[in-house]
Amino acid sequence: MTITPLMPVYPRCGVRPVRGEGAYLFGEDGQQFLDFASGIAVNALGHGHPVLVKAIADQAATLMHVSNLYGSPQGEHLAQRLADNTFADTVFFTNSGAEAVECAIKTARRYHFANGNPQRNTLITFDTAFHGRTLGTISATNQSKMRDGFEPLLPGFTYATFNDLEGALGLIDDNTAGFLVEPIQGEGGIRQATPEFLQGLRKACDEHGLLLVLDEVQCGYGRTGKFFAHELYGITPDIMAVAKGIGGGFPLGACLATEEAAKGMVAGTHGSTYGGNPLAMAAGEAVLDVMLADGFLENVTKMGDRLRQGLEQMIPNHDHLFDSVRGTGLMLGLKLKSDSRAFVAFARDEHNLLLVSAGENVVRILPPLVIDESHIAECIEKLSAAARVYVPASDD
Ligand SMILES: *Cc1c(COP(=O)(O)O)cnc(C)c1O
């Protein structure tokens, strides 16, 4: 037998973390890494944050899981807090980002069904989008690397070009349910929607009775210095998928919606065995306690500006390698002039700096949201040191 016990769907690297502390990870042999990947934008509070650790430990000892057959004081409380701090009136809790997007897709279809327009079942989505790995969410992207061999996929999606408003509006027909879009594409390469694009989609939704469904699984939850990225655009969605940072490392996601958009989601239409269990809710409460405290989001913006400045100052010294900086807050991307995956591996293996590669040869820089200036200085130092000696492969 040559297959590994862990299904070999990930090309895993040699770093094998066994412990974390703040912005640092420690490997099996004690090596220390500066973690500016944060489990792909998940560990918003860093590793081992005392508020999150205590909340999970206390709740585990009190009540872990009961199923959604019973009343949920824990779920009601967290849903109310999310409603109080967002556009939403109602929340469905999931265990992952893909499930949050699935719930968003179902909510959008069901809205038009409830309005007597079941033929309005198609969401317009965008190239280089990433919405997850379920059959439904891979159907919502046109990236063949995620779709090949898994056909037949789910009907009900058409694909437009990201940031091309006219192109997207041109796809609207009698079957259109709305748009599904990331305000800032993560996997796609830290590609930000332009204000005209996102505001134009909102306007088209209002004019045509369509739904604006945002996927803020990666760009939401404080990552940009706003609680949600759409706040940067002065618009609100009708439905929004959230995950990653929401549990700070505990598997949790959520689908948020307005009362109007959720009008079809009545008893019996959707469900999840684990979704919103007391343990997950305790993690979600702890993350909100920290993130909504005075000054937290302001500090994300401030640290984001510092980090961006540091990156921009570094670029001219290594302009054979670095092209430009993109992104907002602590969701930053460093565009390379060569393969980003090879450089991420080099920074990791030779300089103990953890980053994530993304589309368009962008290196994603996604530190915990609790970093301070010393971590930024250390990151820039490690990046510069790596860039000084790094030689891109000639066939890049
Ligand atoms: C990570 C991600 C998802 C999928 O989340 P999972 O928890 O892996 O299912 C969906 N959308 C976006 C934008 C993401 O970054």
# chains A, B, ... in the order shown; residues from 1 in each chain; ligands from 1
$ residues_near_ligand --ligand "ligand 1" --cutoff "7 Å" --atoms "only C-alpha atoms and all ligand atoms" --output "ChimeraX atom specification"
/A:96-99,101,130-133,182,185-187,215-218,243-244
$ write_last_selection --atoms "all heavy atoms" --output "short mmCIF file (atom, residue, chain, number, x, y, z; two decimals), in the first residue's frame"
data_model
loop_
_atom_site.label_atom_id
_atom_site.label_comp_id
_atom_site.auth_asym_id
_atom_site.auth_seq_id
_atom_site.Cartn_x
_atom_site.Cartn_y
_atom_site.Cartn_z
N SER A 96 -18.11 25.48 9.01
CA SER A 96 -17.06 25.80 8.04
C SER A 96 -17.53 26.90 7.11
O SER A 96 -18.72 27.24 7.07
CB SER A 96 -16.70 24.56 7.21
OG SER A 96 -17.80 24.24 6.37
N GLY A 97 -16.57 27.40 6.32
CA GLY A 97 -16.89 28.44 5.36
C GLY A 97 -17.75 27.92 4.21
O GLY A 97 -18.72 28.57 3.80
N ALA A 98 -17.40 26.74 3.69
CA ALA A 98 -18.17 26.20 2.57
C ALA A 98 -19.63 26.00 2.96
O ALA A 98 -20.54 26.29 2.18
CB ALA A 98 -17.56 24.89 2.10
N GLU A 99 -19.84 25.52 4.17
CA GLU A 99 -21.24 25.34 4.63
C GLU A 99 -21.96 26.68 4.78
O GLU A 99 -23.17 26.76 4.58
CB GLU A 99 -21.26 24.64 5.98
CG GLU A 99 -20.95 23.18 5.96
CD GLU A 99 -20.80 22.69 7.39
OE1 GLU A 99 -19.75 22.95 8.00
OE2 GLU A 99 -21.77 22.10 7.90
N VAL A 101 -21.38 29.26 2.87
CA VAL A 101 -21.72 29.65 1.49
C VAL A 101 -22.89 28.81 0.99
O VAL A 101 -23.80 29.32 0.33
CB VAL A 101 -20.49 29.51 0.56
CG1 VAL A 101 -20.89 29.82 -0.88
CG2 VAL A 101 -19.36 30.43 1.01
N PHE A 130 -13.08 31.96 -4.95
CA PHE A 130 -13.00 30.74 -4.15
C PHE A 130 -14.10 30.77 -3.11
O PHE A 130 -14.18 31.70 -2.31
CB PHE A 130 -11.64 30.59 -3.47
CG PHE A 130 -11.54 29.34 -2.66
CD1 PHE A 130 -11.42 28.10 -3.26
CD2 PHE A 130 -11.60 29.38 -1.27
CE1 PHE A 130 -11.35 26.93 -2.51
CE2 PHE A 130 -11.54 28.21 -0.51
CZ PHE A 130 -11.41 26.99 -1.14
N HIS A 131 -14.96 29.72 -3.11
CA HIS A 131 -16.05 29.69 -2.15
C HIS A 131 -16.07 28.41 -1.33
O HIS A 131 -17.01 28.21 -0.55
CB HIS A 131 -17.39 29.88 -2.87
CG HIS A 131 -17.50 31.18 -3.58
ND1 HIS A 131 -17.49 32.39 -2.91
CD2 HIS A 131 -17.59 31.49 -4.90
CE1 HIS A 131 -17.59 33.39 -3.79
NE2 HIS A 131 -17.65 32.87 -5.00
N GLY A 132 -15.08 27.53 -1.49
CA GLY A 132 -15.04 26.30 -0.72
C GLY A 132 -14.92 25.08 -1.62
O GLY A 132 -14.79 25.21 -2.84
N ARG A 133 -14.98 23.90 -1.01
CA ARG A 133 -14.67 22.65 -1.72
C ARG A 133 -15.82 21.66 -1.76
O ARG A 133 -15.61 20.51 -2.16
CB ARG A 133 -13.45 21.98 -1.07
CG ARG A 133 -12.18 22.81 -1.19
CD ARG A 133 -11.73 22.95 -2.63
NE ARG A 133 -10.32 23.31 -2.67
CZ ARG A 133 -9.44 22.79 -3.52
NH1 ARG A 133 -9.83 21.91 -4.41
NH2 ARG A 133 -8.18 23.15 -3.48
N GLU A 182 -16.79 37.82 -3.44
CA GLU A 182 -15.91 38.19 -2.33
C GLU A 182 -15.52 39.67 -2.51
O GLU A 182 -14.98 40.02 -3.56
CB GLU A 182 -14.61 37.38 -2.37
CG GLU A 182 -14.74 35.88 -2.23
CD GLU A 182 -13.55 35.15 -2.88
OE1 GLU A 182 -12.50 35.02 -2.23
OE2 GLU A 182 -13.67 34.73 -4.05
N GLN A 185 -10.95 39.15 -2.93
CA GLN A 185 -10.65 37.74 -3.19
C GLN A 185 -9.37 37.35 -2.44
O GLN A 185 -8.35 38.04 -2.58
CB GLN A 185 -10.46 37.49 -4.68
CG GLN A 185 -11.75 37.59 -5.47
CD GLN A 185 -11.58 37.13 -6.91
OE1 GLN A 185 -10.46 37.05 -7.43
NE2 GLN A 185 -12.69 36.82 -7.57
N GLY A 186 -9.45 36.27 -1.67
CA GLY A 186 -8.28 35.80 -0.92
C GLY A 186 -7.44 34.87 -1.76
O GLY A 186 -6.34 35.23 -2.22
N GLU A 187 -7.95 33.65 -1.99
CA GLU A 187 -7.22 32.65 -2.79
C GLU A 187 -6.88 33.19 -4.18
O GLU A 187 -5.85 32.85 -4.75
CB GLU A 187 -8.06 31.38 -2.96
CG GLU A 187 -8.62 30.78 -1.69
CD GLU A 187 -7.57 30.23 -0.77
OE1 GLU A 187 -6.64 29.58 -1.27
OE2 GLU A 187 -7.66 30.46 0.45
N ASP A 215 -19.38 36.79 0.08
CA ASP A 215 -18.56 35.79 0.76
C ASP A 215 -17.45 36.52 1.49
O ASP A 215 -16.46 36.93 0.89
CB ASP A 215 -17.99 34.79 -0.26
CG ASP A 215 -17.15 33.70 0.41
OD1 ASP A 215 -16.77 33.88 1.58
OD2 ASP A 215 -16.86 32.69 -0.26
N GLU A 216 -17.66 36.72 2.80
CA GLU A 216 -16.64 37.39 3.63
C GLU A 216 -15.94 36.38 4.54
O GLU A 216 -15.51 36.71 5.64
CB GLU A 216 -17.25 38.54 4.42
CG GLU A 216 -17.71 39.70 3.56
CD GLU A 216 -17.31 41.07 4.14
OE1 GLU A 216 -16.37 41.13 4.95
OE2 GLU A 216 -17.95 42.06 3.74
N VAL A 217 -15.86 35.14 4.06
CA VAL A 217 -15.24 34.10 4.88
C VAL A 217 -13.78 34.47 5.20
O VAL A 217 -13.32 34.27 6.32
CB VAL A 217 -15.31 32.74 4.16
CG1 VAL A 217 -14.44 31.70 4.85
CG2 VAL A 217 -16.76 32.24 4.11
N GLN A 218 -13.08 35.04 4.23
CA GLN A 218 -11.67 35.39 4.47
C GLN A 218 -11.48 36.88 4.81
O GLN A 218 -10.70 37.23 5.69
CB GLN A 218 -10.81 35.04 3.25
CG GLN A 218 -9.33 35.11 3.52
CD GLN A 218 -8.47 34.33 2.54
OE1 GLN A 218 -7.32 34.63 2.34
NE2 GLN A 218 -9.01 33.29 1.94
N ALA A 243 -16.80 32.89 8.11
CA ALA A 243 -16.19 31.75 8.82
C ALA A 243 -14.78 32.18 9.24
O ALA A 243 -14.62 33.27 9.77
CB ALA A 243 -16.16 30.49 7.97
N LYS A 244 -13.78 31.32 8.99
CA LYS A 244 -12.38 31.59 9.33
C LYS A 244 -12.21 32.30 10.69
O LYS A 244 -12.27 31.65 11.71
CB LYS A 244 -11.69 32.31 8.18
CG LYS A 244 -11.58 31.38 6.95
CD LYS A 244 -10.41 31.70 6.04
CE LYS A 244 -10.10 30.53 5.11
NZ LYS A 244 -10.79 30.51 3.82
#
$ closest_atom_pairs --of "range 173-267 of chain A" --to "range 103-126 of chain A" --cutoff "8 Å" --atoms "only C-alpha atoms" --output "tab-separated table"
residue	atom	partner	partner_atom	distance
A:Asp174	CA	A:Arg120	CA	6.5
A:Asn175	CA	A:Arg120	CA	4.0
A:Thr176	CA	A:Thr122	CA	4.7
A:Ala177	CA	A:Arg120	CA	4.8
A:Gly178	CA	A:Leu123	CA	5.1
A:Phe179	CA	A:Ile124	CA	4.7
A:Leu180	CA	A:Thr125	CA	5.1
A:Val181	CA	A:Thr125	CA	6.1
A:Leu211	CA	A:Ala108	CA	6.8
A:Val213	CA	A:Ala104	CA	7.0
A:Ile239	CA	A:Ala104	CA	6.3
A:Met240	CA	A:Ala104	CA	6.7
A:Ala241	CA	A:Ala104	CA	6.3
A:Cys255	CA	A:Ala104	CA	6.0
A:Leu256	CA	A:Ala104	CA	7.9
A:Ala261	CA	A:Tyr111	CA	5.9
A:Ala262	CA	A:Thr107	CA	6.0
A:Lys263	CA	A:Tyr111	CA	6.0
A:Gly264	CA	A:Arg110	CA	5.0
A:Met265	CA	A:Thr107	CA	6.4
$ write_last_selection --atoms "all heavy atoms" --output "compact mmCIF listing (two decimals), in the first residue's frame"
# COMPACT_ATOMS: atom_id res chain seq x y z
N ASP A 174 -33.85 36.40 -16.89
CA ASP A 174 -35.02 36.02 -16.09
C ASP A 174 -34.72 34.95 -15.04
O ASP A 174 -35.54 34.71 -14.16
CB ASP A 174 -36.13 35.48 -17.02
CG ASP A 174 -36.67 36.57 -17.93
OD1 ASP A 174 -36.44 37.76 -17.61
OD2 ASP A 174 -37.29 36.23 -18.96
N ASN A 175 -33.57 34.29 -15.18
CA ASN A 175 -33.21 33.23 -14.23
C ASN A 175 -32.26 33.70 -13.13
O ASN A 175 -31.86 32.92 -12.27
CB ASN A 175 -32.56 32.05 -14.97
CG ASN A 175 -33.50 31.45 -15.98
OD1 ASN A 175 -33.22 31.41 -17.17
ND2 ASN A 175 -34.66 31.02 -15.51
N THR A 176 -31.88 34.96 -13.17
CA THR A 176 -30.87 35.44 -12.21
C THR A 176 -31.46 35.60 -10.81
O THR A 176 -32.52 36.24 -10.64
CB THR A 176 -30.29 36.78 -12.68
OG1 THR A 176 -29.77 36.60 -14.01
CG2 THR A 176 -29.17 37.24 -11.76
N ALA A 177 -30.75 35.02 -9.83
CA ALA A 177 -31.15 35.17 -8.42
C ALA A 177 -30.39 36.33 -7.78
O ALA A 177 -30.90 36.99 -6.87
CB ALA A 177 -30.87 33.88 -7.65
N GLY A 178 -29.15 36.55 -8.22
CA GLY A 178 -28.33 37.60 -7.62
C GLY A 178 -26.87 37.38 -7.94
O GLY A 178 -26.53 36.65 -8.88
N PHE A 179 -26.01 38.02 -7.15
CA PHE A 179 -24.55 37.90 -7.32
C PHE A 179 -23.94 37.29 -6.07
O PHE A 179 -24.36 37.60 -4.96
CB PHE A 179 -23.93 39.29 -7.53
CG PHE A 179 -24.47 40.03 -8.71
CD1 PHE A 179 -25.47 40.97 -8.55
CD2 PHE A 179 -23.99 39.78 -9.98
CE1 PHE A 179 -25.98 41.66 -9.64
CE2 PHE A 179 -24.49 40.47 -11.08
CZ PHE A 179 -25.49 41.40 -10.91
N LEU A 180 -22.95 36.43 -6.27
CA LEU A 180 -22.17 35.89 -5.16
C LEU A 180 -20.72 36.35 -5.37
O LEU A 180 -20.10 35.99 -6.38
CB LEU A 180 -22.24 34.36 -5.15
CG LEU A 180 -21.27 33.61 -4.23
CD1 LEU A 180 -21.47 33.99 -2.77
CD2 LEU A 180 -21.44 32.09 -4.40
N VAL A 181 -20.19 37.14 -4.43
CA VAL A 181 -18.88 37.74 -4.67
C VAL A 181 -18.12 37.98 -3.37
O VAL A 181 -18.71 38.29 -2.33
CB VAL A 181 -19.05 39.06 -5.48
CG1 VAL A 181 -19.89 40.07 -4.71
CG2 VAL A 181 -17.71 39.66 -5.88
N LEU A 211 -30.50 39.53 -5.25
CA LEU A 211 -29.85 39.49 -3.94
C LEU A 211 -28.34 39.64 -4.10
O LEU A 211 -27.72 39.00 -4.95
CB LEU A 211 -30.15 38.15 -3.26
CG LEU A 211 -31.64 37.94 -2.94
CD1 LEU A 211 -31.86 36.49 -2.49
CD2 LEU A 211 -32.12 38.91 -1.87
N VAL A 213 -25.11 38.61 -2.48
CA VAL A 213 -24.60 37.63 -1.53
C VAL A 213 -23.09 37.82 -1.44
O VAL A 213 -22.38 37.63 -2.44
CB VAL A 213 -24.92 36.19 -2.00
CG1 VAL A 213 -24.45 35.18 -0.95
CG2 VAL A 213 -26.40 36.03 -2.30
N ILE A 239 -27.30 38.90 2.02
CA ILE A 239 -26.90 37.63 2.61
C ILE A 239 -25.37 37.64 2.67
O ILE A 239 -24.72 38.17 1.76
CB ILE A 239 -27.37 36.42 1.76
CG1 ILE A 239 -28.90 36.47 1.57
CG2 ILE A 239 -26.94 35.10 2.37
CD1 ILE A 239 -29.43 35.44 0.56
N MET A 240 -24.79 37.06 3.72
CA MET A 240 -23.33 37.05 3.82
C MET A 240 -22.85 35.76 4.49
O MET A 240 -23.39 35.34 5.51
CB MET A 240 -22.85 38.25 4.63
CG MET A 240 -21.35 38.31 4.86
SD MET A 240 -20.81 39.88 5.57
CE MET A 240 -21.43 39.74 7.25
N ALA A 241 -21.83 35.15 3.87
CA ALA A 241 -21.18 33.97 4.45
C ALA A 241 -19.95 34.41 5.22
O ALA A 241 -19.15 35.21 4.73
CB ALA A 241 -20.80 32.98 3.36
N CYS A 255 -24.04 32.03 8.33
CA CYS A 255 -24.70 32.70 7.22
C CYS A 255 -25.62 33.75 7.81
O CYS A 255 -26.51 33.43 8.60
CB CYS A 255 -25.49 31.68 6.39
SG CYS A 255 -26.47 32.45 5.08
N LEU A 256 -25.38 35.01 7.46
CA LEU A 256 -26.15 36.14 7.97
C LEU A 256 -27.08 36.64 6.88
O LEU A 256 -26.69 36.65 5.70
CB LEU A 256 -25.22 37.28 8.41
CG LEU A 256 -24.49 37.16 9.76
CD1 LEU A 256 -23.53 35.97 9.78
CD2 LEU A 256 -23.74 38.45 10.09
N ALA A 261 -34.46 38.80 3.00
CA ALA A 261 -33.74 37.79 2.20
C ALA A 261 -33.93 36.39 2.76
O ALA A 261 -33.88 35.40 2.01
CB ALA A 261 -32.25 38.14 2.15
N ALA A 262 -34.18 36.28 4.07
CA ALA A 262 -34.32 34.96 4.70
C ALA A 262 -35.77 34.50 4.75
O ALA A 262 -36.08 33.52 5.44
CB ALA A 262 -33.72 34.99 6.11
N LYS A 263 -36.66 35.17 4.01
CA LYS A 263 -38.08 34.90 4.16
C LYS A 263 -38.46 33.46 3.79
O LYS A 263 -39.46 32.94 4.27
CB LYS A 263 -38.92 35.90 3.34
CG LYS A 263 -38.89 35.69 1.85
CD LYS A 263 -39.25 36.96 1.08
CE LYS A 263 -40.74 37.26 1.15
NZ LYS A 263 -41.06 38.41 0.23
N GLY A 264 -37.64 32.79 2.96
CA GLY A 264 -37.96 31.41 2.60
C GLY A 264 -37.42 30.36 3.56
O GLY A 264 -37.76 29.19 3.47
N MET A 265 -36.57 30.79 4.50
CA MET A 265 -35.89 29.81 5.35
C MET A 265 -36.71 29.52 6.61
O MET A 265 -36.34 29.89 7.73
CB MET A 265 -34.49 30.32 5.71
CG MET A 265 -33.60 30.55 4.49
SD MET A 265 -33.41 29.10 3.43
CE MET A 265 -32.12 28.21 4.32
$ select_by_dssp --residues "range 309-390 of chain A" --states "helix (DSSP H, G or I)" --output "ChimeraX atom specification"
/A:309-318,340-351,359-361,373-389
$ write_last_selection --atoms "N, CA and C atoms" --output "short mmCIF file (atom, residue, chain, number, x, y, z; two decimals), in the first residue's frame"
data_model
loop_
_atom_site.label_atom_id
_atom_site.label_comp_id
_atom_site.auth_asym_id
_atom_site.auth_seq_id
_atom_site.Cartn_x
_atom_site.Cartn_y
_atom_site.Cartn_z
N GLN A 309 3.52 49.92 4.87
CA GLN A 309 4.64 50.87 4.73
C GLN A 309 5.97 50.13 4.67
N GLY A 310 6.14 49.20 5.60
CA GLY A 310 7.38 48.42 5.66
C GLY A 310 7.60 47.65 4.37
N LEU A 311 6.52 47.07 3.84
CA LEU A 311 6.63 46.29 2.61
C LEU A 311 6.97 47.21 1.44
N GLU A 312 6.31 48.36 1.39
CA GLU A 312 6.55 49.29 0.28
C GLU A 312 7.97 49.82 0.28
N GLN A 313 8.49 50.06 1.50
CA GLN A 313 9.88 50.55 1.59
C GLN A 313 10.88 49.48 1.17
N MET A 314 10.50 48.24 1.35
CA MET A 314 11.40 47.13 1.06
C MET A 314 11.49 46.83 -0.45
N ILE A 315 10.39 47.09 -1.15
CA ILE A 315 10.31 46.68 -2.55
C ILE A 315 11.45 47.20 -3.43
N PRO A 316 11.78 48.51 -3.36
CA PRO A 316 12.83 49.02 -4.26
C PRO A 316 14.19 48.33 -4.06
N ASN A 317 14.43 47.82 -2.85
CA ASN A 317 15.71 47.14 -2.59
C ASN A 317 15.77 45.76 -3.23
N HIS A 318 14.63 45.25 -3.62
CA HIS A 318 14.59 43.88 -4.16
C HIS A 318 13.67 43.87 -5.36
N SER A 340 5.17 32.62 -6.74
CA SER A 340 5.04 32.96 -5.32
C SER A 340 5.18 31.73 -4.43
N ARG A 341 4.81 30.57 -4.95
CA ARG A 341 4.88 29.36 -4.12
C ARG A 341 6.33 29.03 -3.74
N ALA A 342 7.22 29.21 -4.71
CA ALA A 342 8.63 28.90 -4.45
C ALA A 342 9.21 29.85 -3.41
N PHE A 343 8.82 31.12 -3.46
CA PHE A 343 9.34 32.07 -2.48
C PHE A 343 8.76 31.82 -1.09
N VAL A 344 7.47 31.48 -1.02
CA VAL A 344 6.86 31.15 0.27
C VAL A 344 7.61 29.98 0.91
N ALA A 345 7.96 28.97 0.10
CA ALA A 345 8.69 27.81 0.62
C ALA A 345 10.07 28.22 1.11
N PHE A 346 10.73 29.11 0.38
CA PHE A 346 12.07 29.57 0.75
C PHE A 346 12.03 30.35 2.08
N ALA A 347 11.08 31.28 2.19
CA ALA A 347 10.95 32.09 3.41
C ALA A 347 10.66 31.19 4.61
N ARG A 348 9.89 30.16 4.38
CA ARG A 348 9.54 29.21 5.44
C ARG A 348 10.73 28.36 5.84
N ASP A 349 11.38 27.74 4.86
CA ASP A 349 12.42 26.77 5.16
C ASP A 349 13.74 27.41 5.57
N GLU A 350 14.03 28.60 5.03
CA GLU A 350 15.34 29.22 5.30
C GLU A 350 15.25 30.35 6.32
N HIS A 351 14.05 30.92 6.51
CA HIS A 351 13.95 32.09 7.39
C HIS A 351 12.83 31.98 8.43
N GLY A 359 -3.28 33.25 -5.92
CA GLY A 359 -3.27 33.44 -7.36
C GLY A 359 -2.46 34.65 -7.78
N GLU A 360 -2.15 34.74 -9.07
CA GLU A 360 -1.44 35.87 -9.66
C GLU A 360 -0.05 36.08 -9.06
N ASN A 361 0.58 34.99 -8.57
CA ASN A 361 1.90 35.08 -7.94
C ASN A 361 1.96 36.10 -6.81
N GLU A 373 4.14 46.10 16.78
CA GLU A 373 5.18 46.58 15.87
C GLU A 373 6.39 45.66 15.82
N SER A 374 6.67 44.98 16.92
CA SER A 374 7.86 44.11 16.93
C SER A 374 7.68 42.96 15.94
N HIS A 375 6.45 42.44 15.83
CA HIS A 375 6.22 41.35 14.88
C HIS A 375 6.36 41.84 13.44
N ILE A 376 5.90 43.08 13.21
CA ILE A 376 6.01 43.66 11.87
C ILE A 376 7.47 43.83 11.50
N ALA A 377 8.25 44.36 12.44
CA ALA A 377 9.69 44.55 12.18
C ALA A 377 10.34 43.20 11.89
N GLU A 378 9.97 42.19 12.66
CA GLU A 378 10.56 40.86 12.46
C GLU A 378 10.19 40.29 11.09
N CYS A 379 8.95 40.51 10.68
CA CYS A 379 8.50 40.02 9.37
C CYS A 379 9.30 40.70 8.26
N ILE A 380 9.43 42.02 8.34
CA ILE A 380 10.14 42.75 7.28
C ILE A 380 11.61 42.32 7.23
N GLU A 381 12.18 42.14 8.42
CA GLU A 381 13.57 41.67 8.50
C GLU A 381 13.75 40.32 7.82
N LYS A 382 12.85 39.39 8.13
CA LYS A 382 12.94 38.05 7.56
C LYS A 382 12.70 38.08 6.05
N LEU A 383 11.72 38.88 5.63
CA LEU A 383 11.44 38.99 4.19
C LEU A 383 12.64 39.57 3.44
N SER A 384 13.24 40.62 4.01
CA SER A 384 14.39 41.25 3.37
C SER A 384 15.56 40.28 3.30
N ALA A 385 15.78 39.58 4.41
CA ALA A 385 16.88 38.62 4.45
C ALA A 385 16.66 37.53 3.40
N ALA A 386 15.43 37.08 3.28
CA ALA A 386 15.12 36.03 2.30
C ALA A 386 15.33 36.58 0.89
N ALA A 387 14.84 37.80 0.65
CA ALA A 387 14.91 38.39 -0.70
C ALA A 387 16.36 38.62 -1.13
N ARG A 388 17.24 38.95 -0.17
CA ARG A 388 18.64 39.24 -0.50
C ARG A 388 19.34 38.03 -1.12
N VAL A 389 18.97 36.84 -0.67
CA VAL A 389 19.70 35.66 -1.14
C VAL A 389 18.88 34.76 -2.07
#
$ residues_around --residues "range 34-36 of chain A" --least-positions-apart "6" --cutoff "7 Å" --atoms "only C-alpha atoms" --output "PyMOL selection string"
chain A and resi 23-25+352-355+365-368
$ residues_around --residues "range 247-254 of chain A" --least-positions-apart "2" --cutoff "7 Å" --atoms "only C-alpha atoms" --output "ChimeraX atom specification"
/A:42-45,91-97,100,241-245,256,280,283-284,287
$ atom_distance --atom1 "CA of Ser324 in chain A" --atom2 "CA of Ile190 in chain A"
11.8 Å
$ closest_residue --among "A:Gly27, A:Pro50, A:Pro183, A:Gly170" --to "Phe197 in chain A" --atoms "only C-alpha atoms"
A:Pro183
$ atom_distance --atom1 "CA of Leu210 in chain A" --atom2 "CA of Asp173 in chain A"
10.7 Å
